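What follows is the content of target.cif (mmCIF, C-alpha atoms).
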data_input
#
loop_
_atom_site.group_PDB
_atom_site.id
_atom_site.type_symbol
_atom_site.label_atom_id
_atom_site.label_comp_id
_atom_site.auth_asym_id
_atom_site.auth_seq_id
_atom_site.Cartn_x
_atom_site.Cartn_y
_atom_site.Cartn_z
ATOM 1 C CA MET A 1 -21.344 -37.803 17.693
ATOM 2 C CA LYS A 2 -20.286 -38.446 14.085
ATOM 3 C CA SER A 3 -22.737 -35.846 12.793
ATOM 4 C CA VAL A 4 -21.382 -33.197 15.197
ATOM 5 C CA LEU A 5 -17.829 -33.992 14.104
ATOM 6 C CA GLY A 6 -18.904 -33.814 10.460
ATOM 7 C CA VAL A 7 -20.516 -30.393 11.029
ATOM 8 C CA VAL A 8 -17.388 -29.112 12.794
ATOM 9 C CA ILE A 9 -15.114 -30.376 10.010
ATOM 10 C CA THR A 10 -17.391 -28.801 7.384
ATOM 11 C CA MET A 11 -17.394 -25.464 9.240
ATOM 12 C CA VAL A 12 -13.600 -25.497 9.546
ATOM 13 C CA PHE A 13 -13.284 -26.336 5.845
ATOM 14 C CA PHE A 14 -15.586 -23.476 4.779
ATOM 15 C CA ALA A 15 -13.978 -20.997 7.209
ATOM 16 C CA GLY A 16 -10.535 -21.904 5.837
ATOM 17 C CA GLY A 17 -11.774 -21.504 2.261
ATOM 18 C CA TRP A 18 -13.308 -18.125 3.081
ATOM 19 C CA PHE A 19 -10.051 -16.983 4.725
ATOM 20 C CA VAL A 20 -7.977 -18.030 1.682
ATOM 21 C CA TRP A 21 -10.416 -16.305 -0.680
ATOM 22 C CA GLN A 22 -10.255 -13.041 1.345
ATOM 23 C CA TYR A 23 -6.465 -13.288 1.551
ATOM 24 C CA GLU A 24 -6.067 -13.719 -2.219
ATOM 25 C CA ALA A 25 -8.621 -11.005 -2.994
ATOM 26 C CA ASP A 26 -6.651 -8.532 -0.844
ATOM 27 C CA LEU A 27 -3.402 -9.368 -2.684
ATOM 28 C CA HIS A 28 -4.945 -8.612 -6.092
ATOM 29 C CA TYR A 29 -7.062 -5.568 -5.223
ATOM 30 C CA LEU A 30 -5.948 -2.393 -7.067
ATOM 31 C CA SER A 31 -2.593 -4.049 -7.668
ATOM 32 C CA GLN A 32 -1.028 -1.384 -9.919
ATOM 33 C CA GLN A 33 0.482 -4.306 -11.870
ATOM 34 C CA MET A 34 2.766 -5.327 -8.995
ATOM 35 C CA ALA A 35 3.104 -8.747 -7.352
ATOM 36 C CA TRP A 36 2.062 -8.113 -3.747
ATOM 37 C CA GLU A 37 3.084 -10.200 -0.754
ATOM 38 C CA VAL A 38 1.829 -10.026 2.785
ATOM 39 C CA ASN A 39 4.099 -8.039 5.071
ATOM 40 C CA THR A 40 6.316 -10.577 6.834
ATOM 41 C CA SER A 41 5.802 -9.037 10.286
ATOM 42 C CA ASP A 42 2.170 -10.211 10.376
ATOM 43 C CA PRO A 43 1.499 -13.016 7.858
ATOM 44 C CA LEU A 44 -2.148 -13.455 8.895
ATOM 45 C CA ASN A 45 -3.030 -9.817 8.169
ATOM 46 C CA SER A 46 -3.419 -9.672 4.393
ATOM 47 C CA ARG A 47 -4.237 -5.956 4.471
ATOM 48 C CA MET A 48 -0.600 -4.832 4.974
ATOM 49 C CA GLN A 49 1.457 -5.740 1.919
ATOM 50 C CA GLU A 50 4.712 -5.041 0.115
ATOM 51 C CA ALA A 51 6.023 -5.298 -3.422
ATOM 52 C CA ARG A 52 8.833 -4.048 -5.628
ATOM 53 C CA THR A 53 8.326 -2.044 -8.769
ATOM 54 C CA HIS A 54 9.251 -3.902 -11.971
ATOM 55 C CA ASP A 55 11.444 -1.189 -13.419
ATOM 56 C CA THR A 56 13.465 0.035 -10.401
ATOM 57 C CA ASN A 57 12.976 -2.646 -7.723
ATOM 58 C CA GLN A 58 11.816 0.105 -5.396
ATOM 59 C CA LEU A 59 10.110 -1.178 -2.250
ATOM 60 C CA VAL A 60 6.465 -0.103 -1.966
ATOM 61 C CA LEU A 61 4.164 -0.730 0.981
ATOM 62 C CA ARG A 62 0.414 -0.775 0.770
ATOM 63 C CA GLN A 63 -2.645 -1.247 2.914
ATOM 64 C CA VAL A 64 -5.875 -2.586 1.410
ATOM 65 C CA ASP A 65 -9.373 -1.844 2.678
ATOM 66 C CA ARG A 66 -11.745 -3.520 0.230
ATOM 67 C CA SER A 67 -14.813 -2.659 2.313
ATOM 68 C CA ASN A 68 -14.135 1.038 1.586
ATOM 69 C CA HIS A 69 -12.835 0.351 -1.977
ATOM 70 C CA LEU A 70 -9.456 1.761 -0.947
ATOM 71 C CA ALA A 71 -5.752 1.025 -1.257
ATOM 72 C CA VAL A 72 -3.056 3.236 0.255
ATOM 73 C CA PHE A 73 0.494 3.051 -1.116
ATOM 74 C CA VAL A 74 3.621 4.412 0.576
ATOM 75 C CA SER A 75 7.045 4.673 -1.050
ATOM 76 C CA THR A 76 10.080 6.924 -1.028
ATOM 77 C CA THR A 77 10.981 9.573 -3.558
ATOM 78 C CA MET A 78 14.412 10.142 -5.064
ATOM 79 C CA ASP A 79 15.045 12.988 -2.607
ATOM 80 C CA ASN A 80 14.281 10.801 0.435
ATOM 81 C CA ARG A 81 10.725 11.911 1.093
ATOM 82 C CA PHE A 82 7.660 9.747 1.617
ATOM 83 C CA GLU A 83 5.012 9.554 -1.080
ATOM 84 C CA VAL A 84 1.526 8.535 0.013
ATOM 85 C CA LEU A 85 -0.983 7.567 -2.684
ATOM 86 C CA PHE A 86 -4.656 6.936 -2.012
ATOM 87 C CA LEU A 87 -6.576 4.976 -4.662
ATOM 88 C CA VAL A 88 -10.339 4.654 -4.403
ATOM 89 C CA ARG A 89 -12.203 2.353 -6.784
ATOM 90 C CA GLN A 90 -15.098 4.377 -8.086
ATOM 91 C CA ARG A 91 -16.638 5.002 -11.469
ATOM 92 C CA CYS A 92 -15.716 8.398 -12.770
ATOM 93 C CA GLY A 93 -15.746 10.148 -16.089
ATOM 94 C CA GLY A 94 -13.220 12.135 -18.065
ATOM 95 C CA ASN A 95 -10.645 14.211 -16.272
ATOM 96 C CA HIS A 96 -12.999 15.208 -13.488
ATOM 97 C CA THR A 97 -11.775 16.011 -10.003
ATOM 98 C CA TYR A 98 -13.584 15.102 -6.812
ATOM 99 C CA PRO A 99 -13.303 17.354 -3.734
ATOM 100 C CA ALA A 100 -12.242 16.124 -0.319
ATOM 101 C CA ILE A 101 -10.818 17.531 2.897
ATOM 102 C CA LEU A 102 -7.419 16.536 4.262
ATOM 103 C CA ASP A 103 -7.531 17.107 8.001
ATOM 104 C CA SER A 104 -4.257 17.133 9.895
ATOM 105 C CA GLY A 105 -5.355 20.119 11.933
ATOM 106 C CA THR A 106 -5.953 22.583 9.099
ATOM 107 C CA GLY A 107 -8.875 21.204 7.071
ATOM 108 C CA GLU A 108 -7.136 21.651 3.709
ATOM 109 C CA ARG A 109 -9.299 21.217 0.609
ATOM 110 C CA ILE A 110 -7.865 18.669 -1.811
ATOM 111 C CA LEU A 111 -8.927 17.014 -5.062
ATOM 112 C CA PHE A 112 -8.994 13.370 -6.087
ATOM 113 C CA GLN A 113 -8.131 12.888 -9.769
ATOM 114 C CA CYS A 114 -10.196 10.586 -11.975
ATOM 115 C CA ASP A 115 -8.660 7.832 -14.081
ATOM 116 C CA PRO A 116 -11.603 6.540 -16.135
ATOM 117 C CA ASP A 117 -9.523 3.731 -17.698
ATOM 118 C CA SER A 118 -8.854 2.051 -14.357
ATOM 119 C CA GLY A 119 -12.044 3.249 -12.642
ATOM 120 C CA THR A 120 -10.125 4.838 -9.784
ATOM 121 C CA LEU A 121 -9.761 8.159 -8.061
ATOM 122 C CA SER A 122 -6.329 9.103 -6.764
ATOM 123 C CA PHE A 123 -4.771 11.558 -4.371
ATOM 124 C CA ARG A 124 -1.011 11.792 -3.958
ATOM 125 C CA ARG A 125 1.007 13.762 -1.406
ATOM 126 C CA VAL A 126 4.724 13.873 -0.576
ATOM 127 C CA TRP A 127 6.076 14.605 2.911
ATOM 128 C CA LYS A 128 9.503 14.710 4.471
ATOM 129 C CA LYS A 129 7.994 13.143 7.579
ATOM 130 C CA PRO A 130 4.314 12.228 7.295
ATOM 131 C CA ALA A 131 2.022 12.997 10.190
ATOM 132 C CA SER A 132 -1.275 11.342 11.023
ATOM 133 C CA PHE A 133 -4.213 12.696 9.082
ATOM 134 C CA HIS A 134 -7.569 11.714 7.752
ATOM 135 C CA ILE A 135 -9.358 12.514 4.525
ATOM 136 C CA ILE A 136 -13.064 13.186 4.448
ATOM 137 C CA PHE A 137 -14.250 12.006 1.064
ATOM 138 C CA ASN A 138 -17.576 10.888 -0.344
ATOM 139 C CA ASN A 139 -19.222 10.475 3.093
ATOM 140 C CA GLN A 140 -16.379 8.345 4.452
ATOM 141 C CA ILE A 141 -13.258 9.005 6.475
ATOM 142 C CA LEU A 142 -9.941 7.616 5.225
ATOM 143 C CA HIS A 143 -7.219 7.415 7.878
ATOM 144 C CA PHE A 144 -3.434 7.503 7.574
ATOM 145 C CA LYS A 145 -1.366 6.768 10.680
ATOM 146 C CA PRO A 146 2.420 6.616 10.119
ATOM 147 C CA ALA A 147 2.826 4.351 13.164
ATOM 148 C CA GLU A 148 1.029 1.568 11.229
ATOM 149 C CA TRP A 149 3.643 1.649 8.462
ATOM 150 C CA ALA A 150 7.241 0.393 8.319
ATOM 151 C CA LEU A 151 8.563 3.781 7.178
ATOM 152 C CA SER A 152 12.036 3.086 8.557
ATOM 153 C CA ARG A 153 12.141 -0.043 6.401
ATOM 154 C CA LEU A 154 11.509 2.058 3.293
ATOM 155 C CA LYS A 155 14.336 4.426 4.235
ATOM 156 C CA LYS A 156 16.700 1.532 4.973
ATOM 157 C CA ASP A 157 15.885 -0.148 1.666
ATOM 158 C CA GLN A 158 16.515 3.079 -0.228
ATOM 159 C CA PHE A 159 19.845 3.562 1.571
ATOM 160 C CA MET A 160 20.862 -0.001 0.711
ATOM 161 C CA GLN A 161 19.958 0.583 -2.947
ATOM 162 C CA LEU A 162 22.076 3.719 -3.032
ATOM 163 C CA HIS A 163 25.025 1.786 -1.538
ATOM 164 C CA ALA A 164 24.349 -1.596 -3.170
ATOM 165 C CA ARG A 165 27.973 -2.421 -3.994
ATOM 166 C CA PHE A 166 28.991 -2.065 -0.349
ATOM 167 C CA TYR A 167 26.226 -4.440 0.779
ATOM 168 C CA GLN A 168 26.929 -6.879 -2.037
ATOM 169 C CA ARG A 169 30.591 -7.067 -0.920
ATOM 170 C CA LYS A 170 29.304 -7.829 2.588
ATOM 171 C CA GLN A 171 27.175 -10.595 0.982
ATOM 172 C CA VAL A 172 23.884 -9.176 2.209
ATOM 173 C CA ALA A 173 21.057 -11.009 0.435
ATOM 174 C CA ASN A 174 18.468 -9.247 -1.735
ATOM 175 C CA VAL A 175 20.274 -5.991 -2.379
ATOM 176 C CA TYR A 176 18.969 -4.123 -5.404
ATOM 177 C CA GLU A 177 21.014 -1.457 -7.160
ATOM 178 C CA TRP A 178 19.693 2.085 -7.450
ATOM 179 C CA ARG A 179 17.923 2.437 -10.806
ATOM 180 C CA ARG A 180 15.836 5.564 -10.400
ATOM 181 C CA ASP A 181 18.031 8.146 -12.150
#
So that I can check it, write out the structure of this file as structure tokens.
Amino acid sequence: MKSVLGVVITMVFFAGGWFVWQYEADLHYLSQQMAWEVNTSDPLNSRMQEARTHDTNQLVLRQVDRSNHLAVFVSTTMDNRFEVLFLVRQRCGGNHTYPAILDSGTGERILFQCDPDSGTLSFRRVWKKPASFHIIFNNQILHFKPAEWALSRLKKDQFMQLHARFYQRKQVANVYEWRRD
């Protein structure tokens, strides 16, 4: 009986350690020099994260998929559009581009840009209202589904930044002033 209990305790200990290691690895993967936190709506899912930029305090959301060497970032632009950035960790050289297909019904040909210093490929697109799409790249399919993202939260945060003094007078916590001009 004691040996069974010892095995169970050991398994729980190792499973907990593995979970913590995976959790921390997700938070530091392709971090873009930001301090990422797990999205508060689902604290056990370390793939959906949020952070604020150091210079403007802009809210940025991201989803990490380490098995596909991928991180997807979503933020707002100054003119209230959504910017979606795909980063893929892959060795690349010089200023090469890598072809892919963005499929949202049209099969548009796109290019990933190489950043040899960080060892990443990037693709960036801005939409007024993003629709679901997938990217066929390097024998894998990368999905983007707006329903998985808190896009309304990004818009609300941007609105609060633009009207920070109003919210500060109302004593709303964690209001950051607009600093993107």
For Met48 in chain A, the nearest of the candidates A:Trp149, A:Phe133, A:Phe82, A:Trp127, counting only C-alpha atoms: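 Among A:Trp149, A:Phe133, A:Phe82, A:Trp127, it is A:Trp149 that comes nearest to Met48 in chain A.
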Selected residue of minimal separation from Gln113 in chain A among A:Met78, A:Cys92, A:Val4, A:Ala164, counting all atoms listed in the file: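 Closest residue, counting all atoms listed in the file: A:Cys92.
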Within 12 Å of Arg52 in chain A using all atoms listed in the file, minus same-chain residues under 6 positions, as an MDAnalysis selection string: chainID A and resid 31:37 58:62 73:76 154 157:158 174 176
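Between CA of Asn139 in chain A and CA of Thr120 in chain A there is a distance of 16.7 Å.
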All residues 9 Å or closer to Phe137 in chain A, all atoms listed in the file, same chain fewer than 5 positions away omitted, as a PyMOL selection string: chain A and resi 98-102+112+142
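The result of the PyMOL selection byres ((chain A and resi 119) around 7) on the shown file is Arg89, Gln90, Arg91, Cys92, Asp115, Pro116, Asp117, Ser118 and Thr120 of chain A.
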Two-atom distance - CA of Ile110 in chain A, CA of Val126 in chain A (Å): 13.5 Å
Of the listed residues A:Gln171, A:Ser104, A:Asn68, A:Gln49, that which approaches Ile141 in chain A most closely, counting only C-alpha atoms: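 For Ile141 in chain A, the nearest of the candidates is A:Asn68.
Using only C-alpha atoms, the nearest neighbour of Phe86 in chain A within the list A:Arg169, A:His54, A:Arg47, A:His134 is A:His134.
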Nearest residue to His96 in chain A from the set A:Leu30, A:Leu162, A:Val64, A:Leu121 (distances using all atoms listed in the file): A:Leu121
